[in-house]
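J.: Hey, dropping entry-v1.txt in here, compact mmCIF, C-alpha atoms:
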# COMPACT_ATOMS: atom_id res chain seq x y z
CA MET O 1 -7.15 8.89 36.48
CA THR O 2 -10.44 7.35 37.52
CA MET O 3 -11.10 5.73 34.16
CA GLN O 4 -9.07 3.42 31.96
CA PRO O 5 -7.88 4.80 28.64
CA LEU O 6 -9.72 3.24 25.68
CA ASN O 7 -8.10 0.10 24.37
CA ARG O 8 -7.25 -0.25 20.66
CA LEU O 9 -10.59 -1.79 19.74
CA GLN O 10 -12.54 0.82 21.70
CA THR O 11 -10.63 3.57 19.90
CA ALA O 12 -11.51 1.92 16.57
CA TRP O 13 -15.15 1.65 17.73
CA ARG O 14 -15.26 5.35 18.56
CA ALA O 15 -13.96 6.39 15.14
CA ALA O 16 -16.40 4.00 13.43
CA GLN O 17 -19.37 5.84 15.01
CA ASP O 18 -18.43 8.97 13.02
CA ILE O 19 -18.39 7.29 9.59
CA ASN O 20 -21.30 8.38 7.44
CA ASP O 21 -23.49 6.57 4.98
CA GLY O 22 -22.18 6.22 1.44
CA MET O 23 -18.52 6.96 2.16
CA ILE O 24 -15.57 5.35 0.35
CA VAL O 25 -13.10 4.63 3.15
CA ASN O 26 -9.54 3.31 3.21
CA LEU O 27 -8.35 1.72 6.45
CA GLY O 28 -4.63 1.61 7.23
CA LEU O 29 -2.72 -1.23 8.87
CA GLY O 30 -2.94 -1.73 12.64
CA MET O 31 -5.73 -0.15 14.65
CA PRO O 32 -7.61 1.35 11.64
CA VAL O 33 -8.55 -2.00 10.04
CA PHE O 34 -10.66 -2.79 13.11
CA VAL O 35 -12.91 0.21 12.38
CA ALA O 36 -14.70 -1.99 9.81
CA ASP O 37 -15.93 -4.27 12.62
CA TYR O 38 -17.79 -1.46 14.43
CA LEU O 39 -19.60 0.50 11.70
CA ARG O 40 -23.14 1.49 12.61
CA PRO O 41 -25.56 -1.04 11.10
CA GLU O 42 -27.51 1.54 9.11
CA VAL O 43 -24.34 2.84 7.42
CA ASP O 44 -23.50 1.47 3.95
CA VAL O 45 -19.87 2.12 2.97
CA PHE O 46 -17.32 0.76 0.52
CA ILE O 47 -13.90 -0.03 1.95
CA GLN O 48 -11.17 0.63 -0.59
CA SER O 49 -8.00 -1.41 -0.25
CA GLU O 50 -5.18 0.10 -2.28
CA ASN O 51 -4.15 -3.19 -3.88
CA GLY O 52 -7.29 -2.84 -5.99
CA VAL O 53 -10.19 -4.14 -3.90
CA ILE O 54 -13.16 -1.76 -4.02
CA GLY O 55 -15.54 -3.09 -1.38
CA ALA O 56 -13.46 -5.20 1.01
CA GLY O 57 -15.44 -7.31 3.47
CA PRO O 58 -14.61 -9.11 6.72
CA LEU O 59 -11.72 -11.56 7.07
CA ALA O 60 -12.34 -14.89 5.33
CA PRO O 61 -13.30 -17.76 7.62
CA PRO O 62 -10.72 -20.60 7.44
CA ASP O 63 -12.86 -22.67 5.05
CA ARG O 64 -13.27 -19.77 2.62
CA VAL O 65 -9.69 -18.51 2.39
CA ASP O 66 -8.64 -17.65 -1.17
CA THR O 67 -5.01 -16.63 -1.64
CA ASP O 68 -5.96 -14.38 -4.58
CA LEU O 69 -8.32 -12.38 -2.38
CA VAL O 70 -6.22 -10.24 -0.03
CA ASP O 71 -6.25 -6.68 1.25
CA ALA O 72 -3.40 -4.18 1.49
CA GLY O 73 -2.30 -5.80 4.75
CA SER O 74 -1.92 -9.22 3.04
CA ARG O 75 -4.93 -10.45 5.03
CA ARG O 76 -7.18 -13.03 3.39
CA ILE O 77 -10.54 -11.30 3.14
CA THR O 78 -14.01 -11.53 1.64
CA VAL O 79 -15.76 -8.90 -0.44
CA ARG O 80 -19.12 -7.22 -0.04
CA PRO O 81 -21.97 -7.23 -2.59
CA GLY O 82 -21.21 -4.75 -5.35
CA ALA O 83 -17.43 -5.06 -4.90
CA ALA O 84 -15.05 -4.68 -7.84
CA PHE O 85 -11.38 -5.24 -8.57
CA VAL O 86 -9.05 -2.86 -10.38
CA ASP O 87 -5.31 -2.82 -11.02
CA SER O 88 -2.94 -0.84 -8.81
CA SER O 89 -2.59 2.13 -11.14
CA TRP O 90 -6.35 2.61 -11.27
CA SER O 91 -6.57 2.13 -7.50
CA PHE O 92 -4.03 4.87 -6.87
CA ALA O 93 -5.58 7.12 -9.50
CA MET O 94 -8.75 6.73 -7.43
CA ILE O 95 -6.83 7.84 -4.34
CA ARG O 96 -4.90 10.70 -5.95
CA GLY O 97 -7.98 11.84 -7.85
CA GLY O 98 -9.86 12.52 -4.62
CA HIS O 99 -12.39 9.70 -4.97
CA VAL O 100 -11.63 8.24 -1.52
CA ASP O 101 -13.66 10.20 1.01
CA LEU O 102 -11.72 9.21 4.09
CA ALA O 103 -8.46 7.50 4.97
CA ILE O 104 -8.08 6.32 8.55
CA LEU O 105 -4.39 5.82 9.23
CA GLY O 106 -2.13 4.85 12.09
CA ALA O 107 0.60 7.32 13.06
CA PHE O 108 3.73 7.83 15.10
CA GLU O 109 3.29 11.60 15.32
CA VAL O 110 0.88 14.35 14.27
CA ALA O 111 1.79 18.05 14.32
CA ALA O 112 -0.43 21.00 15.21
CA ASN O 113 -0.53 22.01 11.51
CA GLY O 114 -1.73 18.53 10.47
CA ASP O 115 1.65 17.19 9.33
CA LEU O 116 1.72 13.40 9.59
CA ALA O 117 4.64 11.06 10.37
CA ASN O 118 3.59 7.44 10.01
CA TRP O 119 5.91 5.63 7.62
CA ASP O 120 9.43 5.38 8.94
CA MET O 121 10.40 4.87 12.57
CA ARG O 122 14.06 4.41 11.67
CA LEU O 123 14.11 0.92 13.13
CA PRO O 124 17.56 -0.57 13.52
CA ASN O 125 18.23 -3.50 11.14
CA LYS O 126 15.05 -2.78 9.19
CA GLY O 127 14.52 -1.34 5.74
CA PRO O 128 12.04 1.48 5.01
CA LEU O 129 8.37 0.72 4.23
CA VAL O 130 6.26 3.47 2.71
CA GLY O 131 3.64 1.47 0.77
CA GLY O 132 0.60 3.58 -0.06
CA ALA O 133 0.83 5.79 3.04
CA MET O 134 1.99 8.95 1.25
CA ASP O 135 -0.63 8.66 -1.50
CA LEU O 136 -3.44 8.11 0.99
CA ALA O 137 -2.31 10.89 3.33
CA ALA O 138 -1.71 13.49 0.62
CA CYS O 139 -4.78 12.86 -1.52
CA SER O 140 -7.71 11.39 0.43
CA ARG O 141 -10.46 13.96 0.86
CA SER O 142 -10.15 13.62 4.62
CA VAL O 143 -7.54 11.95 6.85
CA TRP O 144 -8.21 10.73 10.37
CA VAL O 145 -5.52 9.25 12.58
CA LEU O 146 -5.96 6.50 15.16
CA MET O 147 -3.12 6.18 17.65
CA GLU O 148 -2.18 6.00 21.30
CA HIS O 149 -1.93 9.49 22.78
CA VAL O 150 1.64 8.91 24.03
CA THR O 151 4.46 6.49 23.17
CA ARG O 152 5.24 3.40 25.25
CA LYS O 153 7.79 5.53 27.07
CA GLY O 154 5.16 8.20 27.77
CA ALA O 155 6.33 10.80 25.24
CA PRO O 156 3.60 12.77 23.47
CA ARG O 157 2.71 11.96 19.86
CA LEU O 158 0.72 15.15 19.28
CA LEU O 159 3.45 17.73 18.76
CA ASP O 160 4.22 21.26 17.62
CA THR O 161 6.43 19.78 14.91
CA CYS O 162 6.98 16.16 13.91
CA THR O 163 10.42 14.74 14.72
CA LEU O 164 10.17 11.64 12.49
CA PRO O 165 10.24 11.65 8.67
CA LEU O 166 7.03 13.14 7.28
CA THR O 167 4.41 11.24 5.29
CA ALA O 168 2.50 14.30 4.05
CA LEU O 169 2.13 17.96 4.94
CA GLY O 170 -0.94 19.40 6.68
CA CYS O 171 -3.20 16.46 5.86
CA VAL O 172 -4.64 15.28 9.21
CA LYS O 173 -8.13 16.56 10.03
CA ARG O 174 -8.87 14.59 13.20
CA VAL O 175 -7.08 12.34 15.70
CA TYR O 176 -8.71 9.61 17.79
CA THR O 177 -6.58 8.50 20.71
CA ASP O 178 -7.11 6.41 23.82
CA LEU O 179 -7.58 9.68 25.74
CA ALA O 180 -9.29 12.17 23.45
CA ILE O 181 -10.64 13.21 20.07
CA VAL O 182 -8.71 16.16 18.72
CA ASP O 183 -9.50 18.14 15.58
CA VAL O 184 -6.67 19.78 13.68
CA THR O 185 -7.93 23.27 12.81
CA PRO O 186 -6.33 26.32 11.16
CA THR O 187 -5.83 27.70 14.67
CA GLY O 188 -4.35 24.55 16.17
CA MET O 189 -5.57 21.49 18.05
CA LEU O 190 -9.15 21.54 19.32
CA VAL O 191 -10.28 18.89 21.82
CA ARG O 192 -13.77 17.56 20.98
CA GLU O 193 -13.92 14.74 23.53
CA ILE O 194 -11.83 13.87 26.57
CA LEU O 195 -11.75 10.66 28.59
CA SER O 196 -14.04 10.90 31.63
CA GLY O 197 -12.04 11.52 34.77
CA LEU O 198 -9.10 13.00 32.89
CA SER O 199 -8.61 16.71 33.59
CA GLU O 200 -7.72 19.27 30.96
CA ALA O 201 -4.37 19.68 32.72
CA ASP O 202 -3.79 15.89 32.58
CA LEU O 203 -4.38 15.89 28.82
CA ARG O 204 -2.16 18.94 28.29
CA ALA O 205 0.62 17.19 30.22
CA ARG O 206 0.44 14.32 27.76
CA THR O 207 0.37 16.52 24.65
CA GLY O 208 3.29 18.28 22.96
CA ALA O 209 1.28 21.07 21.34
CA PRO O 210 -1.12 23.72 22.67
CA LEU O 211 -4.71 22.48 23.10
CA THR O 212 -7.95 24.40 22.98
CA PHE O 213 -11.05 22.74 24.45
CA ALA O 214 -14.24 23.05 22.45
CA PRO O 215 -17.05 24.84 24.34
CA ASP O 216 -19.15 21.71 23.87
CA CYS O 217 -16.28 19.28 24.65
CA ARG O 218 -17.83 15.97 25.68
CA PRO O 219 -16.72 12.89 27.58
CA LEU O 220 -15.02 10.22 25.45
CA VAL O 221 -16.84 6.97 26.05
CA ALA O 222 -16.96 3.54 24.42
CA PRO O 223 -18.64 0.25 25.34
CA ALA O 224 -16.52 -2.47 26.96
CA ILE O 225 -14.69 -4.42 24.22
CA ALA O 226 -12.26 -7.11 25.31
CA LEU O 227 -8.95 -7.37 23.47
CA PRO O 228 -8.24 -10.84 22.09
CA ASP O 229 -5.65 -12.82 24.05
CA MET N 1 1.90 -17.03 -39.56
CA PRO N 2 -0.71 -17.43 -36.80
CA ILE N 3 0.19 -15.67 -33.56
CA GLU N 4 1.44 -18.15 -30.98
CA LYS N 5 2.54 -16.88 -27.56
CA ARG N 6 2.41 -20.16 -25.64
CA ALA N 7 5.83 -21.21 -24.33
CA ALA N 8 6.53 -24.83 -23.41
CA SER N 9 8.15 -23.97 -20.08
CA ALA N 10 9.18 -21.11 -17.82
CA ALA N 11 12.82 -21.80 -18.71
CA GLU N 12 12.07 -21.49 -22.42
CA ALA N 13 10.11 -18.29 -21.86
CA LEU N 14 13.12 -16.69 -20.13
CA ALA N 15 15.88 -18.13 -22.33
CA ASP N 16 17.02 -14.76 -23.73
CA VAL N 17 17.13 -12.69 -20.52
CA SER N 18 20.53 -11.06 -20.15
CA ASP N 19 22.74 -9.53 -17.46
CA GLY N 20 21.91 -6.00 -16.33
CA ALA N 21 18.20 -6.34 -17.12
CA THR N 22 15.55 -4.27 -15.35
CA VAL N 23 12.99 -6.82 -14.19
CA PHE N 24 9.43 -5.93 -13.16
CA ILE N 25 7.79 -8.49 -10.86
CA SER N 26 4.06 -8.24 -10.16
CA GLY N 27 2.20 -9.44 -7.08
CA PHE N 28 0.86 -8.04 -3.83
CA GLY N 29 0.20 -9.68 -0.50
CA GLY N 30 0.15 -13.25 -1.81
CA ALA N 31 -2.03 -12.50 -4.84
CA GLY N 32 -0.37 -12.60 -8.23
CA PHE N 33 3.21 -13.52 -7.37
CA PRO N 34 4.75 -15.19 -10.48
CA ASN N 35 6.75 -17.59 -8.34
CA VAL N 36 7.40 -20.22 -11.03
CA LEU N 37 8.88 -17.56 -13.31
CA ILE N 38 10.91 -16.05 -10.45
CA ARG N 39 12.47 -19.44 -9.75
CA ALA N 40 13.15 -20.01 -13.46
CA LEU N 41 14.87 -16.63 -13.59
CA ARG N 42 17.02 -17.60 -10.63
CA ASP N 43 17.99 -20.84 -12.39
CA ARG N 44 18.89 -18.95 -15.55
CA GLY N 45 21.03 -16.65 -13.37
CA PRO N 46 21.43 -13.29 -15.13
CA LYS N 47 23.60 -10.91 -13.03
CA ASN N 48 23.34 -7.24 -12.03
CA LEU N 49 19.57 -7.14 -12.22
CA THR N 50 17.49 -4.15 -11.19
CA LEU N 51 14.44 -5.59 -9.48
CA VAL N 52 11.28 -3.46 -9.61
CA VAL N 53 8.85 -5.05 -7.18
CA ASN N 54 6.36 -3.77 -4.60
CA SER N 55 7.98 -5.61 -1.68
CA ALA N 56 11.70 -6.37 -1.83
CA THR N 57 10.87 -9.62 -0.08
CA HIS N 58 7.52 -11.05 1.01
CA ARG N 59 6.66 -14.22 2.86
CA TYR N 60 4.59 -15.52 -0.07
CA SER N 61 7.01 -14.49 -2.82
CA TYR N 62 10.31 -15.99 -4.02
CA THR N 63 12.12 -12.71 -4.76
CA HIS N 64 14.45 -13.42 -1.82
CA GLU N 65 15.88 -16.30 -3.88
CA LEU N 66 17.04 -13.88 -6.58
CA ILE N 67 18.59 -11.67 -3.92
CA GLU N 68 20.26 -14.56 -2.07
CA ALA N 69 21.65 -15.90 -5.36
CA GLY N 70 23.50 -12.59 -5.78
CA LEU N 71 21.72 -11.68 -9.00
CA VAL N 72 20.37 -8.31 -7.87
CA ARG N 73 22.28 -5.01 -7.96
CA LYS N 74 19.39 -2.68 -7.13
CA VAL N 75 15.81 -2.88 -5.82
CA VAL N 76 13.11 -0.31 -6.61
CA CYS N 77 10.17 -0.93 -4.26
CA THR N 78 7.65 0.55 -1.82
CA ALA N 79 8.41 -1.85 1.05
CA ALA N 80 11.94 -2.93 1.93
CA ARG N 81 11.10 -4.30 5.37
CA GLY N 82 11.27 -7.99 6.20
CA HIS N 83 8.58 -9.70 8.27
CA SER N 84 10.69 -11.00 11.13
CA LYS N 85 12.83 -9.35 13.77
CA GLU N 86 15.96 -10.69 12.13
CA PRO N 87 17.00 -8.75 9.02
CA SER N 88 15.82 -10.29 5.73
CA SER N 89 18.31 -11.28 3.04
CA PHE N 90 17.61 -7.96 1.37
CA GLU N 91 18.02 -5.94 4.58
CA ARG N 92 21.39 -7.57 5.34
CA LEU N 93 22.82 -6.80 1.89
CA TRP N 94 21.36 -3.29 1.92
CA MET N 95 22.86 -2.48 5.34
CA ASP N 96 26.21 -3.82 4.13
CA GLY N 97 26.01 -1.49 1.13
CA LYS N 98 25.98 -4.43 -1.29
CA ILE N 99 22.60 -3.70 -2.83
CA GLU N 100 21.12 -0.36 -3.85
CA LEU N 101 17.61 0.68 -2.77
CA GLU N 102 15.12 3.17 -4.17
CA CYS N 103 12.01 3.28 -1.95
CA ILE N 104 9.06 5.18 -3.43
CA PRO N 105 5.37 5.70 -2.62
CA GLN N 106 3.19 2.95 -4.08
CA GLY N 107 1.00 5.19 -6.23
CA THR N 108 4.11 6.82 -7.67
CA PHE N 109 5.65 3.38 -8.19
CA THR N 110 2.71 2.12 -10.24
CA GLU N 111 2.18 5.41 -12.09
CA ARG N 112 5.86 5.60 -13.11
CA ILE N 113 5.50 2.14 -14.62
CA ARG N 114 2.14 3.00 -16.19
CA ALA N 115 3.70 6.11 -17.75
CA GLY N 116 6.57 3.97 -19.08
CA GLY N 117 4.13 1.84 -21.05
CA ALA N 118 1.89 4.74 -22.05
CA GLY N 119 4.36 7.03 -23.79
CA ILE N 120 4.53 9.59 -20.98
CA PRO N 121 8.14 10.46 -20.02
CA ALA N 122 7.31 12.09 -16.67
CA PHE N 123 4.39 13.45 -14.67
CA TYR N 124 3.62 15.70 -11.70
CA THR N 125 2.11 14.22 -8.54
CA PRO N 126 1.15 15.79 -5.20
CA VAL N 127 2.41 12.68 -3.39
CA GLY N 128 5.65 12.90 -1.44
CA LEU N 129 5.78 16.68 -1.46
CA GLY N 130 7.77 17.97 1.51
CA THR N 131 9.06 14.50 2.43
CA GLU N 132 12.44 12.80 2.20
CA LEU N 133 11.26 10.79 -0.79
CA ALA N 134 10.88 13.92 -2.90
CA LYS N 135 14.23 15.48 -1.94
CA GLY N 136 16.03 16.96 -4.93
CA LYS N 137 13.07 16.49 -7.25
CA GLU N 138 11.63 19.32 -9.33
CA VAL N 139 8.54 20.97 -7.80
CA ARG N 140 6.07 22.99 -9.85
CA SER N 141 2.87 24.76 -8.91
CA PHE N 142 -0.41 24.21 -10.74
CA GLN N 143 -3.55 26.11 -9.69
CA GLY N 144 -1.90 27.06 -6.42
CA ARG N 145 -0.82 23.58 -5.34
CA ASP N 146 2.73 22.17 -5.50
CA TYR N 147 3.55 18.93 -7.30
CA VAL N 148 6.65 16.74 -7.60
CA LEU N 149 8.05 15.68 -10.98
CA GLU N 150 8.43 11.90 -11.31
CA CYS N 151 10.00 10.10 -14.29
CA ALA N 152 8.58 7.07 -16.10
CA MET N 153 10.14 3.63 -15.67
CA LYS N 154 10.61 1.06 -18.42
CA GLY N 155 11.73 -2.51 -18.03
CA ASP N 156 13.46 -5.17 -20.07
CA LEU N 157 11.35 -7.97 -18.60
CA ALA N 158 8.03 -8.22 -16.75
CA LEU N 159 7.01 -11.32 -14.83
CA VAL N 160 3.26 -11.45 -14.21
CA ARG N 161 0.85 -13.97 -12.74
CA ALA N 162 -2.69 -14.33 -14.09
CA ASP N 163 -5.43 -16.93 -13.98
CA THR N 164 -5.97 -17.81 -17.63
CA ALA N 165 -4.45 -16.97 -21.01
CA ASP N 166 -4.88 -17.92 -24.63
CA ARG N 167 -2.45 -18.33 -27.54
CA TYR N 168 -2.78 -14.60 -28.31
CA GLY N 169 -1.48 -13.62 -24.87
CA ASN N 170 -4.84 -12.35 -23.64
CA LEU N 171 -5.00 -12.52 -19.84
CA ALA N 172 -7.75 -12.81 -17.23
CA PHE N 173 -7.02 -12.35 -13.53
CA ARG N 174 -8.68 -13.62 -10.36
CA TYR N 175 -9.73 -11.12 -7.68
CA ALA N 176 -6.75 -9.09 -6.44
CA GLN N 177 -4.26 -10.89 -8.69
CA MET N 178 -4.19 -8.03 -11.16
CA ASN N 179 -2.35 -5.40 -9.06
CA PHE N 180 0.78 -4.33 -10.99
CA GLY N 181 0.44 -6.91 -13.80
CA PRO N 182 -1.14 -4.76 -16.53
CA VAL N 183 1.19 -1.76 -16.15
CA MET N 184 4.30 -3.92 -15.76
CA ALA N 185 3.47 -5.93 -18.89
CA ALA N 186 2.86 -2.73 -20.85
CA ALA N 187 6.11 -1.07 -19.78
CA ALA N 188 8.48 -3.99 -20.42
CA THR N 189 10.15 -5.02 -23.66
CA LEU N 190 9.42 -8.68 -22.89
CA ALA N 191 6.32 -9.53 -20.84
CA VAL N 192 5.93 -13.11 -19.64
CA ALA N 193 2.84 -14.36 -17.80
CA GLU N 194 2.47 -17.55 -15.82
CA VAL N 195 -1.12 -18.73 -15.58
CA ARG N 196 -3.15 -21.50 -14.02
CA ALA N 197 -4.46 -22.53 -17.43
CA VAL N 198 -3.89 -21.71 -21.09
CA LEU N 199 -7.15 -22.06 -22.97
CA ASP N 200 -7.24 -24.08 -26.18
CA GLU N 201 -9.77 -21.70 -27.67
CA PRO N 202 -9.49 -17.91 -27.91
CA MET N 203 -10.59 -16.31 -24.65
CA PRO N 204 -14.18 -15.00 -24.71
CA HIS N 205 -13.81 -11.29 -25.56
CA GLU N 206 -15.59 -10.02 -22.47
CA ARG N 207 -13.27 -11.95 -20.16
CA VAL N 208 -10.04 -10.37 -21.46
CA GLN N 209 -8.65 -7.96 -18.85
CA LEU N 210 -5.25 -7.43 -20.43
CA PRO N 211 -5.11 -7.71 -24.23
CA GLY N 212 -2.38 -9.88 -25.65
CA VAL N 213 -0.83 -6.87 -27.37
CA TYR N 214 0.97 -6.31 -24.03
CA VAL N 215 1.96 -9.93 -23.42
CA ASP N 216 4.73 -11.75 -25.29
CA ARG N 217 4.79 -15.22 -23.74
CA VAL N 218 2.44 -17.27 -21.58
CA VAL N 219 3.27 -20.39 -19.59
CA ALA N 220 0.82 -22.71 -17.89
CA VAL N 221 2.06 -23.72 -14.44
CA THR N 222 0.75 -26.23 -11.95
CA ALA N 223 1.64 -24.25 -8.81
For this file, produce the structure as C-alpha cells.
T.:
Amino acid sequence: MTMQPLNRLQTAWRAAQDINDGMIVNLGLGMPVFVADYLRPEVDVFIQSENGVIGAGPLAPPDRVDTDLVDAGSRRITVRPGAAFVDSSWSFAMIRGGHVDLAILGAFEVAANGDLANWDMRLPNKGPLVGGAMDLAACSRSVWVLMEHVTRKGAPRLLDTCTLPLTALGCVKRVYTDLAIVDVTPTGMLVREILSGLSEADLRARTGAPLTFAPDCRPLVAPAIALPD
Amino acid sequence: MPIEKRAASAAEALADVSDGATVFISGFGGAGFPNVLIRALRDRGPKNLTLVVNSATHRYSYTHELIEAGLVRKVVCTAARGHSKEPSSFERLWMDGKIELECIPQGTFTERIRAGGAGIPAFYTPVGLGTELAKGKEVRSFQGRDYVLECAMKGDLALVRADTADRYGNLAFRYAQMNFGPVMAAAATLAVAEVRAVLDEPMPHERVQLPGVYVDRVVAVTA
C-alpha cells in the first residue's frame, strides 16, 4: 500500500461531506459522533440524540458544563439554536416513526444484504448493552455505518453473513471504512470509492463478501487530521 | 381537603414500599438520576425488587447500591454493561446466576412503560425483528412488513428526578432530565419525584411538563 488508511477522524470527515442540508441525523457512539465536527459550513442540520435532545451541539467547554445537558453517550454537551427537549418515549417515537433522516452507527459486522451487527460482541465478564441501537437501525430512514474495514486481527467486517448477534435486518445503506466507501445494493456490495494506491484485489482480500466496483469508482481521499494523543 | 403532595423527606415518601415491588428508576447519562430517593430506598431495604432502569449501573447513578445491598432479584434494562474492565456489581451477580436480566431495546423499553400508563396492554413494533431480543415473541405482518408484539409494563413505584414541583405534584424538568420520568410516573402505582425546589405557589401553567395527576409525592432535596 502506498497510502495510509484513513484514521478514525478522517473517516468521520469523509462521511460528513455527504450529509445534506436540512437533515435530522443521529450519531452513534464511537467514530460517528465525530462526524458533527466536520459538517460542511453551508449545511444546517439537527442532530438528534435519543435521550431526548433535538439539536445537540458541540461538547460543553469546562466552564459551561451542565450535568442535566448530556447526549446519548453521557457526554456533557451544548445545544444549537432552535433545539428542543422531549422525553424518551417521544424521542423513540420520532425514530420509529421515520422522522430521523439518517443514523450513522458504528458496527462490528455488516452483511452483503445490509444486516447489521453492532450491539453485542459477547465480551467475557461483561453484560449486554443494546441501548437505542436496534431502534435506530431498524427505523431510521437511512443507515450509514462507520467502521474499520477489518478487525484488529485482520479479519474482514464486511461479510456474506454476520457471525455476531444481529441488530437489525437489511438496514445498512452505505459503509464508510478506512479503505473504501461501499454501498449496500439489492445486488450486493458496490464500491464507490477506494483508497488511492489500494488495488481492487487488495480490497477484495480484506472483504468477506463479493464486491462490484462502480464504473465511476473514485479515489477515497481526506485532508490530514491528526488524532488526539 | 386541599391536595398536598409535598413529603417532608425521602424516607417518609418511601415509607410504604414493600418487598417484591417493581421499581422504575428514571435518569440517563447523568441527567435525571433520583439519587436521593435511590439511597432512601436502599435504607428502607425492601427485598426481591425488580428494577426497571435504563442502565443497570451507571457511574453517575446509585443503583449499584441497591444491587450491592442484595435488594434486587431482577433487572429490566437496555444497558447491563459496567464502565470498567472489572465486572460491575451487577455483572458479577448476573454471571453467578444470582440476579435475573431482561435486556431490551431502548425504544421498546420506554414504549412498554408508556403503554403501561396509557391503558395499552401490548403493541407491535418493527424493532428487534430477526434478532435474539425478539426470540419467541409473536410476529405479525401489517401492510407487508413484520412487527414484534411487546407487552406493556406497570410498576409499583417510580422514582423520578425533576427540577421544580409544586404542592399539586406538577413537575418541570431541566434540559435532558426528562428522559423516562413522565412515562415511569404514569405507569407506576406510586410515583415519587425528587426536585431541586418545591415552589410555594402553584407552578405557572405554561411551565408544567408533567401534570401532578401522574405524581403522588414530591420531595425537595439539596443534592
J.: Quick one: pull the distance between atom CA of Leu102 of chain O and atom CA of Val183 of chain N, Å, one decimal.
T.: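 Interatomic distance here is 26.4 Å.
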J.: With only C-alpha atoms as the counted atoms, please give the residues lying no more than 7 Å from Ala12 of chain O, apart from itself and same-chain residues fewer than 2 positions off, as a VMD selection string.
T.: chain O and resid 8 to 10 14 to 16 31 to 32 34 to 35
J.: Which residues of chain N sit at most 9 Å from chain O, using only C-alpha atoms? Give each one's shortest atom pair and distance in Å (one decimal place), in chain and ascending residue order, as JSON lines.
T.:
{"residue": "N:Phe28", "atom": "CA", "partner": "O:Asn51", "partner_atom": "CA", "distance": 7.0}
{"residue": "N:Gly29", "atom": "CA", "partner": "O:Ser74", "partner_atom": "CA", "distance": 4.2}
{"residue": "N:Gly30", "atom": "CA", "partner": "O:Thr67", "partner_atom": "CA", "distance": 6.2}
{"residue": "N:Ala31", "atom": "CA", "partner": "O:Asp68", "partner_atom": "CA", "distance": 4.4}
{"residue": "N:Gly32", "atom": "CA", "partner": "O:Asp68", "partner_atom": "CA", "distance": 6.9}
{"residue": "N:Asn54", "atom": "CA", "partner": "O:Gly131", "partner_atom": "CA", "distance": 8.0}
{"residue": "N:Ser55", "atom": "CA", "partner": "O:Gly131", "partner_atom": "CA", "distance": 8.7}
{"residue": "N:Cys77", "atom": "CA", "partner": "O:Gly131", "partner_atom": "CA", "distance": 8.6}
{"residue": "N:Thr78", "atom": "CA", "partner": "O:Gly131", "partner_atom": "CA", "distance": 4.9}
{"residue": "N:Ala79", "atom": "CA", "partner": "O:Leu129", "partner_atom": "CA", "distance": 4.1}
{"residue": "N:Ala80", "atom": "CA", "partner": "O:Gly127", "partner_atom": "CA", "distance": 4.9}
{"residue": "N:Arg81", "atom": "CA", "partner": "O:Gly127", "partner_atom": "CA", "distance": 4.5}
{"residue": "N:Gly82", "atom": "CA", "partner": "O:Lys126", "partner_atom": "CA", "distance": 7.1}
{"residue": "N:Lys85", "atom": "CA", "partner": "O:Lys126", "partner_atom": "CA", "distance": 8.3}
{"residue": "N:Glu86", "atom": "CA", "partner": "O:Asn125", "partner_atom": "CA", "distance": 7.6}
{"residue": "N:Pro87", "atom": "CA", "partner": "O:Asn125", "partner_atom": "CA", "distance": 5.8}
{"residue": "N:Ser88", "atom": "CA", "partner": "O:Lys126", "partner_atom": "CA", "distance": 8.3}
{"residue": "N:Phe90", "atom": "CA", "partner": "O:Gly127", "partner_atom": "CA", "distance": 8.5}
{"residue": "N:Glu91", "atom": "CA", "partner": "O:Gly127", "partner_atom": "CA", "distance": 5.9}
{"residue": "N:Arg92", "atom": "CA", "partner": "O:Asn125", "partner_atom": "CA", "distance": 7.8}
{"residue": "N:Trp94", "atom": "CA", "partner": "O:Gly127", "partner_atom": "CA", "distance": 8.1}
{"residue": "N:Met95", "atom": "CA", "partner": "O:Asn125", "partner_atom": "CA", "distance": 7.5}
{"residue": "N:Cys103", "atom": "CA", "partner": "O:Pro128", "partner_atom": "CA", "distance": 7.2}
{"residue": "N:Ile104", "atom": "CA", "partner": "O:Val130", "partner_atom": "CA", "distance": 7.0}
{"residue": "N:Pro105", "atom": "CA", "partner": "O:Gly131", "partner_atom": "CA", "distance": 5.7}
{"residue": "N:Gln106", "atom": "CA", "partner": "O:Gly132", "partner_atom": "CA", "distance": 4.8}
{"residue": "N:Gly107", "atom": "CA", "partner": "O:Phe92", "partner_atom": "CA", "distance": 5.1}
{"residue": "N:Thr108", "atom": "CA", "partner": "O:Asp135", "partner_atom": "CA", "distance": 8.0}
{"residue": "N:Phe109", "atom": "CA", "partner": "O:Ser89", "partner_atom": "CA", "distance": 8.8}
{"residue": "N:Thr110", "atom": "CA", "partner": "O:Ser89", "partner_atom": "CA", "distance": 5.4}
{"residue": "N:Glu111", "atom": "CA", "partner": "O:Ser89", "partner_atom": "CA", "distance": 5.9}
{"residue": "N:Ile113", "atom": "CA", "partner": "O:Ser89", "partner_atom": "CA", "distance": 8.8}
{"residue": "N:Arg114", "atom": "CA", "partner": "O:Ser89", "partner_atom": "CA", "distance": 7.0}
{"residue": "N:Thr125", "atom": "CA", "partner": "O:Arg96", "partner_atom": "CA", "distance": 8.3}
{"residue": "N:Pro126", "atom": "CA", "partner": "O:Ala138", "partner_atom": "CA", "distance": 6.9}
{"residue": "N:Val127", "atom": "CA", "partner": "O:Asp135", "partner_atom": "CA", "distance": 5.4}
{"residue": "N:Gly128", "atom": "CA", "partner": "O:Met134", "partner_atom": "CA", "distance": 6.0}
{"residue": "N:Leu129", "atom": "CA", "partner": "O:Ala168", "partner_atom": "CA", "distance": 6.8}
{"residue": "N:Gly130", "atom": "CA", "partner": "O:Leu169", "partner_atom": "CA", "distance": 6.6}
{"residue": "N:Thr131", "atom": "CA", "partner": "O:Leu166", "partner_atom": "CA", "distance": 5.4}
{"residue": "N:Glu132", "atom": "CA", "partner": "O:Pro165", "partner_atom": "CA", "distance": 6.9}
{"residue": "N:Arg174", "atom": "CA", "partner": "O:Asp68", "partner_atom": "CA", "distance": 6.4}
{"residue": "N:Tyr175", "atom": "CA", "partner": "O:Leu69", "partner_atom": "CA", "distance": 5.6}
{"residue": "N:Ala176", "atom": "CA", "partner": "O:Leu69", "partner_atom": "CA", "distance": 5.5}
{"residue": "N:Gln177", "atom": "CA", "partner": "O:Asp68", "partner_atom": "CA", "distance": 5.7}
{"residue": "N:Met178", "atom": "CA", "partner": "O:Asp87", "partner_atom": "CA", "distance": 5.3}
{"residue": "N:Asn179", "atom": "CA", "partner": "O:Asp87", "partner_atom": "CA", "distance": 4.4}
{"residue": "N:Phe180", "atom": "CA", "partner": "O:Ser88", "partner_atom": "CA", "distance": 5.5}
{"residue": "N:Gly181", "atom": "CA", "partner": "O:Asp87", "partner_atom": "CA", "distance": 7.6}
{"residue": "N:Pro182", "atom": "CA", "partner": "O:Asp87", "partner_atom": "CA", "distance": 7.2}
{"residue": "N:Val183", "atom": "CA", "partner": "O:Ser89", "partner_atom": "CA", "distance": 7.4}
